[in-house]
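Source file: entry-v2.cif (mmCIF, C-alpha atoms, pLDDT in the B column; chains and numbers go by the auth columns)
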```
data_run
loop_
_atom_site.group_PDB
_atom_site.id
_atom_site.type_symbol
_atom_site.label_atom_id
_atom_site.label_comp_id
_atom_site.label_asym_id
_atom_site.label_seq_id
_atom_site.Cartn_x
_atom_site.Cartn_y
_atom_site.Cartn_z
_atom_site.B_iso_or_equiv
_atom_site.auth_seq_id
_atom_site.auth_asym_id
ATOM 1 C CA MET A 1 -86.797 83.619 87.955 44.00 1 A
ATOM 2 C CA SER A 2 -85.056 80.301 87.491 54.00 2 A
ATOM 3 C CA GLY A 3 -85.881 78.309 84.378 61.00 3 A
ATOM 4 C CA THR A 4 -85.276 75.029 86.189 59.00 4 A
ATOM 5 C CA THR A 5 -87.812 72.611 87.657 60.00 5 A
ATOM 6 C CA ARG A 6 -86.453 69.614 89.577 56.00 6 A
ATOM 7 C CA LEU A 7 -88.797 66.692 88.922 54.00 7 A
ATOM 8 C CA ASP A 8 -86.860 64.387 91.254 58.00 8 A
ATOM 9 C CA SER A 9 -83.284 63.884 92.425 61.00 9 A
ATOM 10 C CA GLU A 10 -82.194 62.604 89.011 82.00 10 A
ATOM 11 C CA VAL A 11 -84.273 64.683 86.563 88.00 11 A
ATOM 12 C CA GLU A 12 -84.377 68.432 85.977 90.00 12 A
ATOM 13 C CA CYS A 13 -86.537 70.279 83.446 90.00 13 A
ATOM 14 C CA LEU A 14 -84.745 73.320 82.036 90.00 14 A
ATOM 15 C CA THR A 15 -87.147 75.764 80.379 86.00 15 A
ATOM 16 C CA ASP A 16 -84.893 78.812 80.005 87.00 16 A
ATOM 17 C CA PRO A 17 -82.688 78.605 76.865 85.00 17 A
ATOM 18 C CA GLU A 18 -79.948 80.533 78.668 87.00 18 A
ATOM 19 C CA GLU A 19 -80.021 77.995 81.503 88.00 19 A
ATOM 20 C CA VAL A 20 -79.737 75.189 78.953 88.00 20 A
ATOM 21 C CA ARG A 21 -76.654 76.819 77.428 88.00 21 A
ATOM 22 C CA ASP A 22 -75.085 77.301 80.873 90.00 22 A
ATOM 23 C CA ARG A 23 -75.654 73.654 81.805 91.00 23 A
ATOM 24 C CA ILE A 24 -74.157 72.446 78.532 90.00 24 A
ATOM 25 C CA ARG A 25 -71.103 74.605 79.204 91.00 25 A
ATOM 26 C CA LEU A 26 -70.740 73.202 82.725 93.00 26 A
ATOM 27 C CA LEU A 27 -71.205 69.632 81.515 93.00 27 A
ATOM 28 C CA CYS A 28 -68.499 70.088 78.885 92.00 28 A
ATOM 29 C CA GLU A 29 -66.145 71.689 81.397 93.00 29 A
ATOM 30 C CA GLY A 30 -66.581 68.676 83.649 93.00 30 A
ATOM 31 C CA ALA A 31 -66.187 66.050 80.903 94.00 31 A
ATOM 32 C CA ARG A 32 -63.221 63.747 81.436 94.00 32 A
ATOM 33 C CA ASP A 33 -63.609 60.843 79.033 94.00 33 A
ATOM 34 C CA ALA A 34 -66.245 61.152 76.294 95.00 34 A
ATOM 35 C CA VAL A 35 -68.979 63.373 74.945 95.00 35 A
ATOM 36 C CA SER A 36 -71.500 61.696 72.634 95.00 36 A
ATOM 37 C CA VAL A 37 -74.033 63.652 70.588 94.00 37 A
ATOM 38 C CA PHE A 38 -77.124 63.109 68.449 94.00 38 A
ATOM 39 C CA ALA A 39 -77.460 66.179 66.177 90.00 39 A
ATOM 40 C CA PRO A 40 -80.734 65.625 64.272 88.00 40 A
ATOM 41 C CA ASP A 41 -81.027 69.248 63.162 81.00 41 A
ATOM 42 C CA GLY A 42 -77.837 68.791 61.154 76.00 42 A
ATOM 43 C CA LEU A 43 -76.136 71.898 62.507 74.00 43 A
ATOM 44 C CA ARG A 44 -74.187 72.558 65.688 74.00 44 A
ATOM 45 C CA ALA A 45 -73.229 69.509 67.676 76.00 45 A
ATOM 46 C CA ILE A 46 -72.748 70.838 71.198 84.00 46 A
ATOM 47 C CA GLY A 47 -74.815 73.755 72.460 73.00 47 A
ATOM 48 C CA ASP A 48 -76.054 76.711 70.450 70.00 48 A
ATOM 49 C CA GLY A 49 -72.928 78.841 70.428 71.00 49 A
ATOM 50 C CA ALA A 50 -70.212 79.234 67.827 73.00 50 A
ATOM 51 C CA LEU A 51 -69.594 76.024 65.929 76.00 51 A
ATOM 52 C CA GLY A 52 -66.537 74.128 67.060 82.00 52 A
ATOM 53 C CA VAL A 53 -65.705 76.120 70.208 87.00 53 A
ATOM 54 C CA GLU A 54 -66.824 73.574 72.811 89.00 54 A
ATOM 55 C CA GLU A 55 -65.626 70.721 70.608 91.00 55 A
ATOM 56 C CA ALA A 56 -62.140 72.237 70.273 92.00 56 A
ATOM 57 C CA GLU A 57 -61.847 72.720 74.032 92.00 57 A
ATOM 58 C CA LEU A 58 -62.873 69.125 74.693 94.00 58 A
ATOM 59 C CA LEU A 59 -60.474 67.715 72.104 94.00 59 A
ATOM 60 C CA ALA A 60 -57.632 69.822 73.526 95.00 60 A
ATOM 61 C CA ARG A 61 -58.185 68.117 76.898 95.00 61 A
ATOM 62 C CA GLY A 62 -58.132 64.660 75.332 94.00 62 A
ATOM 63 C CA VAL A 63 -61.887 64.082 75.583 95.00 63 A
ATOM 64 C CA ARG A 64 -63.297 61.820 72.865 93.00 64 A
ATOM 65 C CA VAL A 65 -66.062 63.623 70.969 94.00 65 A
ATOM 66 C CA ARG A 66 -68.451 61.649 68.759 94.00 66 A
ATOM 67 C CA VAL A 67 -71.335 63.134 66.788 93.00 67 A
ATOM 68 C CA ILE A 68 -74.024 61.381 64.761 93.00 68 A
ATOM 69 C CA TYR A 69 -75.827 63.392 62.089 91.00 69 A
ATOM 70 C CA PRO A 70 -78.881 62.254 60.106 88.00 70 A
ATOM 71 C CA ASP A 71 -78.542 61.239 56.474 82.00 71 A
ATOM 72 C CA GLN A 72 -80.207 64.501 55.355 81.00 72 A
ATOM 73 C CA VAL A 73 -77.095 66.437 56.350 81.00 73 A
ATOM 74 C CA ARG A 74 -75.565 65.499 52.986 74.00 74 A
ATOM 75 C CA ASP A 75 -78.345 67.411 51.200 74.00 75 A
ATOM 76 C CA SER A 76 -77.893 70.603 53.237 76.00 76 A
ATOM 77 C CA SER A 77 -74.978 72.931 52.535 78.00 77 A
ATOM 78 C CA PRO A 78 -74.915 74.373 56.093 82.00 78 A
ATOM 79 C CA GLY A 79 -75.217 70.906 57.612 81.00 79 A
ATOM 80 C CA LEU A 80 -72.528 69.466 55.361 83.00 80 A
ATOM 81 C CA ASP A 81 -70.231 72.379 56.192 86.00 81 A
ATOM 82 C CA CYS A 82 -70.764 71.777 59.928 86.00 82 A
ATOM 83 C CA ALA A 83 -70.063 68.059 59.690 86.00 83 A
ATOM 84 C CA THR A 84 -66.971 68.661 57.544 87.00 84 A
ATOM 85 C CA LEU A 85 -65.552 71.284 59.898 88.00 85 A
ATOM 86 C CA LEU A 86 -66.001 69.046 62.942 89.00 86 A
ATOM 87 C CA ALA A 87 -64.490 66.022 61.185 87.00 87 A
ATOM 88 C CA ASP A 88 -61.490 68.109 60.112 88.00 88 A
ATOM 89 C CA MET A 89 -61.033 69.217 63.749 89.00 89 A
ATOM 90 C CA GLY A 90 -60.777 65.641 64.943 89.00 90 A
ATOM 91 C CA VAL A 91 -64.355 65.030 66.046 91.00 91 A
ATOM 92 C CA GLN A 92 -65.518 61.517 65.106 90.00 92 A
ATOM 93 C CA VAL A 93 -68.545 62.011 62.846 90.00 93 A
ATOM 94 C CA ARG A 94 -70.931 59.378 61.533 89.00 94 A
ATOM 95 C CA ILE A 95 -74.163 59.438 59.534 86.00 95 A
ATOM 96 C CA ALA A 96 -77.356 57.565 60.489 86.00 96 A
ATOM 97 C CA ARG A 97 -80.621 57.236 58.601 81.00 97 A
ATOM 98 C CA SER A 98 -82.539 59.013 61.348 82.00 98 A
ATOM 99 C CA LEU A 99 -82.179 60.202 64.946 87.00 99 A
ATOM 100 C CA PRO A 100 -84.931 60.220 67.596 82.00 100 A
ATOM 101 C CA LEU A 101 -84.025 63.470 69.369 86.00 101 A
ATOM 102 C CA ARG A 102 -81.228 65.878 70.191 90.00 102 A
ATOM 103 C CA MET A 103 -79.032 64.314 72.857 93.00 103 A
ATOM 104 C CA LEU A 104 -75.800 65.056 74.683 94.00 104 A
ATOM 105 C CA VAL A 105 -74.256 62.355 76.896 96.00 105 A
ATOM 106 C CA VAL A 106 -71.244 63.263 79.043 96.00 106 A
ATOM 107 C CA ASP A 107 -69.087 60.455 80.416 93.00 107 A
ATOM 108 C CA ARG A 108 -71.239 58.221 82.617 89.00 108 A
ATOM 109 C CA SER A 109 -72.548 61.117 84.651 90.00 109 A
ATOM 110 C CA ALA A 110 -75.219 63.065 82.768 94.00 110 A
ATOM 111 C CA ALA A 111 -77.370 63.316 79.663 94.00 111 A
ATOM 112 C CA LEU A 112 -79.293 66.255 78.236 94.00 112 A
ATOM 113 C CA LEU A 113 -82.277 65.697 75.961 93.00 113 A
ATOM 114 C CA ARG A 114 -84.326 68.102 73.862 84.00 114 A
ATOM 115 C CA GLU A 115 -86.291 68.353 70.679 70.00 115 A
ATOM 116 C CA PRO A 116 -84.340 69.653 67.671 59.00 116 A
ATOM 117 C CA CYS A 117 -84.128 73.460 67.775 57.00 117 A
ATOM 118 C CA ALA A 118 -86.210 73.552 70.988 61.00 118 A
ATOM 119 C CA GLY A 119 -85.276 75.730 73.952 69.00 119 A
ATOM 120 C CA ALA A 120 -86.341 73.461 76.813 80.00 120 A
ATOM 121 C CA ALA A 121 -84.411 70.378 77.867 89.00 121 A
ATOM 122 C CA LEU A 122 -84.349 67.487 80.327 91.00 122 A
ATOM 123 C CA LEU A 123 -81.157 66.986 82.310 93.00 123 A
ATOM 124 C CA LEU A 124 -80.748 63.416 83.573 93.00 124 A
ATOM 125 C CA SER A 125 -78.145 62.421 86.137 90.00 125 A
ATOM 126 C CA GLY A 126 -79.351 59.027 87.348 81.00 126 A
ATOM 127 C CA THR A 127 -77.025 56.122 86.610 84.00 127 A
ATOM 128 C CA GLY A 128 -79.831 54.069 85.090 89.00 128 A
ATOM 129 C CA PHE A 129 -80.981 56.871 82.799 88.00 129 A
ATOM 130 C CA VAL A 130 -77.482 57.709 81.609 92.00 130 A
ATOM 131 C CA SER A 131 -76.516 54.065 81.089 92.00 131 A
ATOM 132 C CA THR A 132 -79.616 53.484 78.943 93.00 132 A
ATOM 133 C CA LEU A 133 -78.930 56.539 76.806 93.00 133 A
ATOM 134 C CA ARG A 134 -75.265 55.597 76.413 92.00 134 A
ATOM 135 C CA SER A 135 -76.412 52.199 75.155 92.00 135 A
ATOM 136 C CA LEU A 136 -78.788 53.897 72.705 92.00 136 A
ATOM 137 C CA PHE A 137 -75.937 56.018 71.378 93.00 137 A
ATOM 138 C CA GLU A 138 -73.582 53.046 71.049 90.00 138 A
ATOM 139 C CA ALA A 139 -76.221 51.058 69.147 87.00 139 A
ATOM 140 C CA LYS A 140 -76.745 53.935 66.714 88.00 140 A
ATOM 141 C CA TRP A 141 -72.982 54.484 66.415 87.00 141 A
ATOM 142 C CA ARG A 142 -72.319 50.878 65.437 80.00 142 A
ATOM 143 C CA ARG A 143 -74.871 51.091 62.619 78.00 143 A
ATOM 144 C CA ALA A 144 -73.944 54.587 61.435 82.00 144 A
ATOM 145 C CA VAL A 145 -71.617 55.160 58.487 78.00 145 A
ATOM 146 C CA PRO A 146 -68.337 57.081 58.909 78.00 146 A
ATOM 147 C CA PHE A 147 -68.917 60.598 57.549 80.00 147 A
ATOM 148 C CA GLY A 148 -66.250 60.418 54.833 70.00 148 A
ATOM 149 C CA TRP A 149 -67.782 57.233 53.409 63.00 149 A
ATOM 150 C CA ALA A 150 -71.417 58.293 53.267 53.00 150 A
ATOM 151 C CA GLY A 151 -73.175 58.686 49.948 48.00 151 A
ATOM 152 C CA THR A 152 -70.197 58.711 47.583 46.00 152 A
ATOM 153 C CA ASP A 153 -68.807 56.362 44.962 45.00 153 A
ATOM 154 C CA HIS A 154 -67.016 53.474 46.721 45.00 154 A
ATOM 155 C CA GLN A 155 -68.415 55.131 49.894 52.00 155 A
ATOM 156 C CA GLY A 156 -65.393 57.469 49.846 57.00 156 A
ATOM 157 C CA LEU A 157 -62.873 54.615 49.600 67.00 157 A
ATOM 158 C CA SER A 158 -60.059 54.445 47.100 69.00 158 A
ATOM 159 C CA THR A 159 -60.005 51.453 44.752 70.00 159 A
ATOM 160 C CA THR A 160 -57.145 49.960 46.767 76.00 160 A
ATOM 161 C CA GLU A 161 -59.026 50.409 50.071 78.00 161 A
ATOM 162 C CA ALA A 162 -62.195 48.879 48.634 77.00 162 A
ATOM 163 C CA MET A 163 -60.234 45.860 47.384 81.00 163 A
ATOM 164 C CA ALA A 164 -58.436 45.530 50.720 85.00 164 A
ATOM 165 C CA LEU A 165 -61.753 45.498 52.584 83.00 165 A
ATOM 166 C CA ARG A 166 -63.028 42.673 50.409 83.00 166 A
ATOM 167 C CA LEU A 167 -59.841 40.692 50.998 85.00 167 A
ATOM 168 C CA LEU A 168 -60.053 41.275 54.753 84.00 168 A
ATOM 169 C CA ALA A 169 -63.642 40.018 54.713 80.00 169 A
ATOM 170 C CA LEU A 170 -62.456 36.907 52.885 82.00 170 A
ATOM 171 C CA GLY A 171 -59.860 36.238 55.589 82.00 171 A
ATOM 172 C CA HIS A 172 -56.691 36.845 53.565 85.00 172 A
ATOM 173 C CA THR A 173 -53.392 37.470 55.360 87.00 173 A
ATOM 174 C CA ASP A 174 -51.350 40.660 54.989 87.00 174 A
ATOM 175 C CA ASP A 175 -48.951 38.899 52.593 89.00 175 A
ATOM 176 C CA ALA A 176 -51.836 37.625 50.465 88.00 176 A
ATOM 177 C CA ILE A 177 -53.451 41.061 50.416 88.00 177 A
ATOM 178 C CA ALA A 178 -50.125 42.613 49.450 87.00 178 A
ATOM 179 C CA ARG A 179 -49.754 40.220 46.512 87.00 179 A
ATOM 180 C CA ARG A 180 -53.303 40.858 45.274 84.00 180 A
ATOM 181 C CA LEU A 181 -52.909 44.624 45.588 81.00 181 A
ATOM 182 C CA GLY A 182 -49.393 44.744 44.211 79.00 182 A
ATOM 183 C CA VAL A 183 -47.989 46.531 47.269 81.00 183 A
ATOM 184 C CA SER A 184 -45.510 45.658 50.028 85.00 184 A
ATOM 185 C CA SER A 185 -46.596 43.679 53.088 86.00 185 A
ATOM 186 C CA ARG A 186 -45.868 46.746 55.206 88.00 186 A
ATOM 187 C CA THR A 187 -48.213 48.858 53.080 86.00 187 A
ATOM 188 C CA ALA A 188 -50.883 46.159 53.230 87.00 188 A
ATOM 189 C CA ARG A 189 -50.638 46.091 57.049 89.00 189 A
ATOM 190 C CA ARG A 190 -50.959 49.871 57.201 87.00 190 A
ATOM 191 C CA ILE A 191 -54.007 49.887 54.920 87.00 191 A
ATOM 192 C CA ALA A 192 -55.659 47.130 56.966 88.00 192 A
ATOM 193 C CA ALA A 193 -54.890 48.892 60.258 87.00 193 A
ATOM 194 C CA ASP A 194 -56.251 52.208 58.963 83.00 194 A
ATOM 195 C CA LEU A 195 -59.456 50.565 57.727 85.00 195 A
ATOM 196 C CA MET A 196 -59.976 48.742 61.028 85.00 196 A
ATOM 197 C CA GLN A 197 -59.477 51.984 62.950 80.00 197 A
ATOM 198 C CA GLU A 198 -61.954 53.893 60.764 77.00 198 A
ATOM 199 C CA LEU A 199 -64.508 51.127 61.173 79.00 199 A
ATOM 200 C CA GLY A 200 -63.919 50.855 64.911 78.00 200 A
ATOM 201 C CA ALA A 201 -63.200 47.136 64.444 82.00 201 A
ATOM 202 C CA ARG A 202 -61.211 45.057 66.928 83.00 202 A
ATOM 203 C CA SER A 203 -60.516 42.236 64.492 84.00 203 A
ATOM 204 C CA ARG A 204 -60.359 41.559 60.764 80.00 204 A
ATOM 205 C CA PHE A 205 -63.519 39.468 60.966 78.00 205 A
ATOM 206 C CA GLN A 206 -65.351 42.348 62.642 82.00 206 A
ATOM 207 C CA ALA A 207 -63.986 44.754 60.018 82.00 207 A
ATOM 208 C CA GLY A 208 -65.495 42.613 57.277 78.00 208 A
ATOM 209 C CA ALA A 209 -68.825 42.365 59.094 78.00 209 A
ATOM 210 C CA LEU A 210 -68.979 46.118 59.662 79.00 210 A
ATOM 211 C CA ALA A 211 -67.984 46.822 56.060 78.00 211 A
ATOM 212 C CA ALA A 212 -70.930 44.702 54.897 76.00 212 A
ATOM 213 C CA LEU A 213 -73.240 46.423 57.397 73.00 213 A
ATOM 214 C CA TYR A 214 -72.208 49.855 56.124 71.00 214 A
ATOM 215 C CA GLY A 215 -72.674 48.796 52.503 70.00 215 A
ATOM 216 C CA LEU A 216 -68.973 49.136 51.740 73.00 216 A
ATOM 217 C CA ILE A 217 -68.880 45.582 50.413 73.00 217 A
ATOM 218 C CA THR A 218 -71.661 43.237 49.335 64.00 218 A
ATOM 219 C CA VAL A 219 -72.400 39.560 49.786 52.00 219 A
ATOM 220 C CA GLU A 220 -71.417 39.079 46.144 53.00 220 A
ATOM 221 C CA ASP A 221 -68.011 40.606 46.888 51.00 221 A
ATOM 222 C CA ILE A 222 -67.431 38.074 49.659 51.00 222 A
ATOM 223 C CA GLU A 223 -68.737 35.108 47.705 51.00 223 A
ATOM 224 C CA ASP A 224 -66.905 35.872 44.472 50.00 224 A
ATOM 225 C CA GLU A 225 -63.137 35.282 44.631 48.00 225 A
ATOM 226 C CA ASN A 226 -62.727 36.163 40.946 43.00 226 A
ATOM 227 C CA TRP A 227 -63.455 39.887 40.993 43.00 227 A
#
```

Could you write out this structure as structure tokens?
Amino acid sequence: MSGTTRLDSEVECLTDPEEVRDRIRLLCEGARDAVSVFAPDGLRAIGDGALGVEEAELLARGVRVRVIYPDQVRDSSPGLDCATLLADMGVQVRIARSLPLRMLVVDRSAALLREPCAGAALLLSGTGFVSTLRSLFEAKWRRAVPFGWAGTDHQGLSTTEAMALRLLALGHTDDAIARRLGVSSRTARRIAADLMQELGARSRFQAGALAALYGLITVEDIEDENW
């Protein structure tokens, strides 16, 4: 007997765990651009199979994979191991204070929702549904902290990187940053570019704003030129 109930043309209720796994596999096989995941249980990101298998296949095809874990993952050895493994593979991992549910969004075509560790799921294919859930993910992503910077001294930044972020927020040029850091202008440009990429910032101003949002720098850092 099928574990699927079609509620309307855009919503299916999947009650059979095996059916859920099959649909996730098919969704991943059809992904072309991006797969975005809320992983509130702090363990596997995509599906319930072996960790990293689906993610590795997606990355090999050039699909962007982003996963948001809850803050509690840092207090769980299994969860921390999962997040570390995925980040090392090339998955973009961030940490949020909390997540509302387990969610998988594939391109602009489909989204699968379920409670953490639950077998049943809702599969949504309507453009309106998927667009709304993509927006929810993007909002959470912007406010989440890059995995390597969460919960550590300097948020995982080196002293040089932390100083460079403050200087970027203050609007200094590459040459000025280089002089303050005691490095070459080329090195200063590389550090700034790397920080902007990690933050997902399109400009130096945005990098400074995001750094403040993530707690990487404080208002006092920006206001005080004499640190």

- Task: Report as a ChimeraX atom specification the full result of the PyMOL selection byres ((chain A and resi 168) around 9) when it is applied to this structure.
- Result: /A:163-167,169-174,177,192,204-205,207-208

- Query: If I put a ball of radius 12 Å at (-61.6, 65.3, 61.7) in the file's coordinates, which residues poke into it when counting all atoms listed in the file, written as a list in words?
  - Reply: Gly52, Glu55, Ala56, Leu59, Arg64, Val65, Arg66, Val67, Cys82, Ala83, Thr84, Leu85, Leu86, Ala87, Asp88, Met89, Gly90, Val91, Gln92, Val93, Arg94, Pro146, Phe147, Gly148 and Glu198 of chain A

- Task: Please provide as a VMD selection string all residues within 9 Å of segment 100-104 of chain A, with the sequence filter that same-chain residues fewer than 5 positions apart are discarded (counting only C-alpha atoms).
- Result: chain A and resid 24 35 to 41 45 to 46 110 to 117 133 137

- Message: What does the structure give for the distance between atom CA of Ala31 of chain A and atom CA of Val73 of chain A, in Å to one decimal?
- Response: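 Between these atoms lies a distance of 26.9 Å.
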
- Record the distance separating atom CA of Leu99 of chain A and atom CA of Gly62 of chain A, expressed in Å with one decimal.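 Pair atom CA of Leu99 of chain A / atom CA of Gly62 of chain A returns 26.6 Å.
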
- Message: Counting all atoms listed in the file, which residue out of A:Val105, A:Ile95, A:Ala50, A:Ala121 sits closest to Val11 of chain A?
- Response: A:Ala121

- Task: Go through the shown structure with the PyMOL selection byres ((chain A and resi 131) around 12) and write out the matching residues as a ChimeraX atom specification.
- Result: /A:105-111,124-130,132-138

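Interatomic distance, atom CA of Asp81 of chain A to atom CA of Gly49 of chain A: 15.9 Å.
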
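With distances restricted to only C-alpha atoms, A:Ala120 is the closest residue to Arg21 of chain A from A:Ala120, A:Leu213, A:Leu181, A:Ala144.
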
As lines of an AutoDock Vina configuration file: centre and edge lengths in Å, one decimal, of the axis-aligned box holding segment 168-177 of chain A with 6 Å per side:
```
center_x = -56.3
center_y = 38.8
center_z = 53.0
size_x = 26.7
size_y = 17.0
size_z = 17.2
```

Atom completion result for segment 166-175 of chain A (all heavy atoms) as a compact mmCIF listing (two decimals), in the coordinates of the input:
```txt
# COMPACT_ATOMS: atom_id res chain seq x y z
N ARG A 166 -62.49 43.94 50.88
CA ARG A 166 -63.03 42.67 50.41
C ARG A 166 -62.11 41.51 50.79
O ARG A 166 -62.56 40.45 51.22
CB ARG A 166 -63.20 42.71 48.89
CG ARG A 166 -64.24 43.73 48.42
CD ARG A 166 -64.17 43.90 46.93
NE ARG A 166 -65.09 44.94 46.47
CZ ARG A 166 -65.05 45.48 45.26
NH1 ARG A 166 -64.13 45.08 44.39
NH2 ARG A 166 -65.91 46.41 44.92
N LEU A 167 -60.80 41.74 50.66
CA LEU A 167 -59.84 40.69 51.00
C LEU A 167 -59.83 40.41 52.50
O LEU A 167 -59.70 39.27 52.93
CB LEU A 167 -58.45 41.09 50.51
CG LEU A 167 -58.29 41.09 48.98
CD1 LEU A 167 -57.00 41.81 48.59
CD2 LEU A 167 -58.30 39.67 48.43
N LEU A 168 -59.96 41.46 53.30
CA LEU A 168 -60.05 41.28 54.75
C LEU A 168 -61.27 40.43 55.10
O LEU A 168 -61.21 39.52 55.94
CB LEU A 168 -60.15 42.64 55.46
CG LEU A 168 -58.87 43.44 55.61
CD1 LEU A 168 -59.19 44.81 56.19
CD2 LEU A 168 -57.89 42.70 56.53
N ALA A 169 -62.40 40.75 54.45
CA ALA A 169 -63.64 40.02 54.71
C ALA A 169 -63.51 38.55 54.32
O ALA A 169 -64.15 37.68 54.92
CB ALA A 169 -64.81 40.66 53.96
N LEU A 170 -62.67 38.28 53.34
CA LEU A 170 -62.46 36.91 52.88
C LEU A 170 -61.41 36.17 53.72
O LEU A 170 -61.15 34.99 53.49
CB LEU A 170 -62.03 36.91 51.41
CG LEU A 170 -63.14 37.28 50.41
CD1 LEU A 170 -62.53 37.63 49.06
CD2 LEU A 170 -64.12 36.13 50.27
N GLY A 171 -60.80 36.89 54.68
CA GLY A 171 -59.86 36.24 55.59
C GLY A 171 -58.43 36.14 55.10
O GLY A 171 -57.64 35.37 55.65
N HIS A 172 -58.06 36.91 54.08
CA HIS A 172 -56.69 36.84 53.56
C HIS A 172 -55.68 37.45 54.54
O HIS A 172 -56.00 38.37 55.28
CB HIS A 172 -56.60 37.58 52.22
CG HIS A 172 -57.26 36.87 51.09
ND1 HIS A 172 -56.65 35.82 50.44
CD2 HIS A 172 -58.47 37.04 50.49
CE1 HIS A 172 -57.46 35.37 49.47
NE2 HIS A 172 -58.57 36.10 49.50
N THR A 173 -54.47 36.95 54.53
CA THR A 173 -53.39 37.47 55.36
C THR A 173 -52.83 38.75 54.73
O THR A 173 -53.13 39.08 53.57
CB THR A 173 -52.26 36.45 55.49
OG1 THR A 173 -51.68 36.24 54.18
CG2 THR A 173 -52.77 35.13 56.04
N ASP A 174 -51.98 39.45 55.52
CA ASP A 174 -51.35 40.66 54.99
C ASP A 174 -50.53 40.36 53.74
O ASP A 174 -50.56 41.13 52.76
CB ASP A 174 -50.44 41.29 56.05
CG ASP A 174 -51.23 41.92 57.19
OD1 ASP A 174 -52.36 42.37 56.94
OD2 ASP A 174 -50.70 41.96 58.30
N ASP A 175 -49.78 39.24 53.76
CA ASP A 175 -48.95 38.90 52.59
C ASP A 175 -49.82 38.62 51.37
O ASP A 175 -49.49 39.03 50.25
CB ASP A 175 -48.09 37.67 52.91
CG ASP A 175 -46.96 38.00 53.88
OD1 ASP A 175 -46.64 39.19 54.01
OD2 ASP A 175 -46.43 37.06 54.50
```
